[in-house]
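Structure first, commentary second.
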Amino acid sequence: MLVQGIKSRPVYTGLDIDPNARRHLFALEGAGVEALLDQVKAVGSDFLKSSDILCVGQLPNVAAEDMWSAPTIPVLLNRLRVNLINAKMGTRLYLSGTEGFIGQTMKVALDQGIDFNSIRTEHRGSTARRVQCVHCKGITESVKTSPFQCSHCGLNLLVRDHYSRRLAAFQGVCIDAEEPGTAPPPVEMFP
Amino acid sequence: MNIKFKQETFRGDFTYRNSPDNIKRFPFPFHEDKYMYAVNMEPHVPAGPKGYAFEHMIDVDEHYVSEMRDRALVLKEDPLRCQALPHMMAAQWDTLELLMEQQAAGYPEHFSLTKNSDQWHWINRPLGIDQKFTFGDPSTLPYEPMEYITRQAQGDFCIVDQRDGNLWMDAGMVTTQADWSLDFDIGMNFMEWHGPVPLAHQMGVFDRALKFLLNLQQGKPVRRLNWTMTINPRLDTSPENYHKWGTDRMTVTPENVGEKVHLRCELQSLWRLPRSNAMLFVIRCYLLKMDELVTVPKWARRFHRVLRDLPTELADYKGLTRFRPTTVEWLSKYDDGAATSSGIFPE
């Protein structure tokens, strides 16, 4: 489970297939595929006939109308942007995977004017965080520990429980700013 | 009355000082001898003795020129301190109008605004600015309207959009902040940007404050005071530069408390904007060093008691932990245990 009670973090309530959607667009990563398969188990496979599935890596073994595999997250983001530009009224967007993946795909959707409340999301897989260094503004992916060293400026950063949807990132703040050199050793907090 | 503007710095050699008259107008944030969060909002109307910080609704004081110079330095280093999402242009113009009108009304000897339909003429004498422009046409100003006017007004400014029963931090000029990042928080709603504040969520403070603010009416601004403490008179205590100023907090000794430790008060005022229905949130920062604070005996007694009895979580959140004991000890010399009168004004 993710840490509860972070006011600025989105709540991931589950993929729940929308029976009224004319088109279902999925962006999945890693264990996010399981969230889709669980929906097939729960409501049957009819919705797959009007589904587009974009997936990082191995495609799920289902028969959707349109399926496309991306080698990496950035490649999927480009394709998702194109899909959204061409999307018609009545398209429902579903995102599942790690929190960093959901955040980045949601950012693409927000840029296309989709209300984040309308997007269905389910967190699956690692709780590793995507973190923006508040000092140099560089983003470090898949942060598992706090503190950690910023991959851009090298400062030791405490990972705060404060999340920006616009940046799709948590905030990292220098942990030993007041007394440089006193950063505690990293502790794995986001496995 | 002509304000005599000081030339001083908020960094490096820190020459910032309050003149004796300016100390008396400091908006002291404690109305009693203890402190806890509250939705402490009141109508933003003139109050206090003559010349007090509540006399004019957008306050200009002796630090104006130097504060504007410090803001320009911050922006040169980090332009992301001023940002506006694209749908906020109407609210930017609302903000420009409000700040020009209020400054011209409060200080006609220093500012003037002449309107002829959409042809406007703004004169800012302290900064030597004489600008003719077309209201509503950003190409007639050297910056977008919010940036243009907030480079000429003391305090930080957030423009908050209202929709879906919430408030959204969608534009701002933030260079004198107490440790929060506009670049990180822009686009967040009211609960989200207050996410890191301890205790207050559970107390229901933000639910009540939001409900109150959503009903804010045009022409009826409200205000509240907030506070923290800053070592050295540094305006830019941003998280962006925390790794540069954080070490200041290690430098407090019993000998230098009076000079180094500052009470930092935020006079926050909130204004409904007429065209956009957005809200302007002004966060005006005042700094008062302990040597200056204790020249008002009531404030010395009271601040000693507030700081001594402050809940630990609050002291941690405000970043006071390292220098609180030293400061409380220093202040205790100015607290004879006498009763203090209620209210914030000097006796």
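Within each chain, counting starts at residue 1; across the structure tokens, chains are named A, B, ... in the order shown, with ligands numbered 1 upward in that order.
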Find the residues in chain A near chain B: any atom within 6 Å counts, using only C-alpha atoms. Write them as a list in words.
->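 My answer is Lys7, Ser8, Val134, His135, Ala177 and Glu178 of chain A.
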Pick out the residues sitting within 12 Å of segment 30-34 of chain A, and hand them over as a PyMOL selection string; count only C-alpha atoms, and ignore anything fewer than 3 positions along from it in its own chain.
-> chain A and resi 14-15+26-27+37-41+53-62+69-73+94-102+121-127
Could you pull out all residues of chain A with a DSSP call of strand (DSSP E) and give them as a ChimeraX atom specification?
-> /A:23-29,51-56,66-70,91-97,120-123,129-133,139-143,145-146,148-149,156-164,169-174,187-188
Step one, run DSSP on the backbone; step two, keep only residues of segment 10-219 of chain B assigned to helix (DSSP H, G or I); then write them as a VMD selection string.
-> chain B and resid 20 to 24 64 to 77 79 to 81 86 to 106 138 to 140 145 to 150 182 to 185 190 to 193 205 to 214
Quick one: everything within 10 Å of Gly319 of chain B, counting only C-alpha atoms, minus sequence neighbours fewer than 5 positions away in the same chain. Send it as JSON, numbers by chain.
-> {"B": [178, 179, 228, 229, 230, 246, 249, 313, 314, 324]}
Keeping C-alpha atoms, export the residues of the selection given above as a PDB file, in the first residue's frame.
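And here's out-v4.pdb as it stands now:
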ATOM      1  CA  ALA B 178       8.650  31.197   4.031  1.00  0.00           C
ATOM      2  CA  ASP B 179       9.835  27.915   2.557  1.00  0.00           C
ATOM      3  CA  THR B 228       7.588  32.453  11.393  1.00  0.00           C
ATOM      4  CA  MET B 229      11.160  33.387  12.306  1.00  0.00           C
ATOM      5  CA  THR B 230      14.127  34.073  10.068  1.00  0.00           C
ATOM      6  CA  GLY B 246      20.039  26.875   5.824  1.00  0.00           C
ATOM      7  CA  ARG B 249      20.206  28.737  11.499  1.00  0.00           C
ATOM      8  CA  GLU B 313       5.371  20.163  15.988  1.00  0.00           C
ATOM      9  CA  LEU B 314       4.804  23.810  15.155  1.00  0.00           C
ATOM     10  CA  ARG B 324      14.425  28.452  19.902  1.00  0.00           C
TER      11      ARG B 324
END
Can you list, as a PyMOL selection string, every protein, DNA or RNA residue that comes within 9 Å of segment 279-284 of chain B when you count only C-alpha atoms, leaving out same-chain residues fewer than 2 positions away?
-> chain B and resi 58-59+91+94-95+154-162+167+174+176-177+213+216+265-273+276-277+286
I need the residues from that last selection saved to file as a PDB file, in the first residue's frame (with C-alpha atoms), if you can.
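The resulting again_18.pdb:
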ATOM      1  CA  ILE B  58      -1.957  47.777   0.131  1.00  0.00           C
ATOM      2  CA  ASP B  59       0.785  48.883   2.485  1.00  0.00           C
ATOM      3  CA  ALA B  91      -7.049  37.706 -13.471  1.00  0.00           C
ATOM      4  CA  ASP B  94      -7.566  42.431 -12.443  1.00  0.00           C
ATOM      5  CA  THR B  95      -4.467  42.246 -10.256  1.00  0.00           C
ATOM      6  CA  GLN B 154       5.796  44.746  -1.760  1.00  0.00           C
ATOM      7  CA  GLY B 155       4.826  41.209  -0.791  1.00  0.00           C
ATOM      8  CA  ASP B 156       4.280  37.916  -2.566  1.00  0.00           C
ATOM      9  CA  PHE B 157       1.199  37.509  -4.724  1.00  0.00           C
ATOM     10  CA  CYS B 158      -0.783  34.415  -5.601  1.00  0.00           C
ATOM     11  CA  ILE B 159      -3.723  34.525  -7.940  1.00  0.00           C
ATOM     12  CA  VAL B 160      -6.113  31.771  -7.077  1.00  0.00           C
ATOM     13  CA  ASP B 161      -8.752  30.551  -9.525  1.00  0.00           C
ATOM     14  CA  GLN B 162     -12.139  29.392  -8.240  1.00  0.00           C
ATOM     15  CA  LEU B 167      -9.430  27.257  -5.081  1.00  0.00           C
ATOM     16  CA  VAL B 174       6.741  34.505  -5.018  1.00  0.00           C
ATOM     17  CA  THR B 176       9.864  36.408  -0.255  1.00  0.00           C
ATOM     18  CA  GLN B 177       8.365  33.125   0.817  1.00  0.00           C
ATOM     19  CA  LEU B 213     -12.974  32.023   1.166  1.00  0.00           C
ATOM     20  CA  LEU B 216     -15.427  36.116  -0.461  1.00  0.00           C
ATOM     21  CA  CYS B 265       5.151  38.397  10.050  1.00  0.00           C
ATOM     22  CA  GLU B 266       2.987  37.829   7.025  1.00  0.00           C
ATOM     23  CA  LEU B 267       0.079  40.184   6.548  1.00  0.00           C
ATOM     24  CA  GLN B 268      -2.117  38.123   4.256  1.00  0.00           C
ATOM     25  CA  SER B 269      -4.972  39.834   2.488  1.00  0.00           C
ATOM     26  CA  LEU B 270      -7.478  38.247   0.130  1.00  0.00           C
ATOM     27  CA  TRP B 271      -9.362  40.092  -2.548  1.00  0.00           C
ATOM     28  CA  ARG B 272     -12.108  38.948  -4.916  1.00  0.00           C
ATOM     29  CA  LEU B 273     -11.218  40.050  -8.458  1.00  0.00           C
ATOM     30  CA  SER B 276     -12.146  36.821 -13.537  1.00  0.00           C
ATOM     31  CA  ASN B 277     -13.879  35.945 -10.242  1.00  0.00           C
ATOM     32  CA  TYR B 286       7.603  42.167   7.583  1.00  0.00           C
TER      33      TYR B 286
END
Test item: residues at most 8 Å from segment 154-158 of chain A, only C-alpha atoms, excluding those fewer than 5 positions along its chain, as an mmCIF file with C-alpha atoms, in the first residue's frame:
data_model
loop_
_atom_site.group_PDB
_atom_site.id
_atom_site.type_symbol
_atom_site.label_atom_id
_atom_site.label_comp_id
_atom_site.auth_asym_id
_atom_site.auth_seq_id
_atom_site.Cartn_x
_atom_site.Cartn_y
_atom_site.Cartn_z
ATOM 1 C CA CYS A 133 14.875 18.353 -6.661
ATOM 2 C CA SER A 146 15.196 8.720 1.632
ATOM 3 C CA PRO A 147 17.474 10.525 1.690
ATOM 4 C CA PHE A 148 18.887 9.974 -1.780
ATOM 5 C CA GLN A 149 21.421 11.824 -3.861
ATOM 6 C CA GLY A 172 13.020 16.483 -2.685
ATOM 7 C CA VAL A 173 14.585 18.987 -0.257
ATOM 8 C CA CYS A 174 18.200 19.113 0.898
ATOM 9 C CA ILE A 175 18.364 17.198 4.180
ATOM 10 C CA ASP A 176 21.637 18.611 5.506
ATOM 11 C CA ALA A 183 22.949 13.620 6.072
#
Residues at most 10 Å from Asn83 of chain A, counting only C-alpha atoms, excluding those fewer than 4 positions away in the same chain, as a list in words?
->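 My reading of the contact set: Leu25, Asp52, Leu54, Leu77, Asn78, Arg79, Ala87 and Lys88 of chain A.
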Determine the nearest neighbour of Val45 of chain B from the options B:Val222, B:Ala104, B:Leu320, B:Val252, counting only C-alpha atoms.
->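 Using only C-alpha atoms, Val45 of chain B sits closest to B:Val222.
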For the atom pair atom CA of Phe345 of chain B and atom CA of Leu307 of chain B, what is the interatomic distance in Å to one decimal place?
->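 Computing the Euclidean distance for atom CA of Phe345 of chain B and atom CA of Leu307 of chain B yields 18.4 Å.
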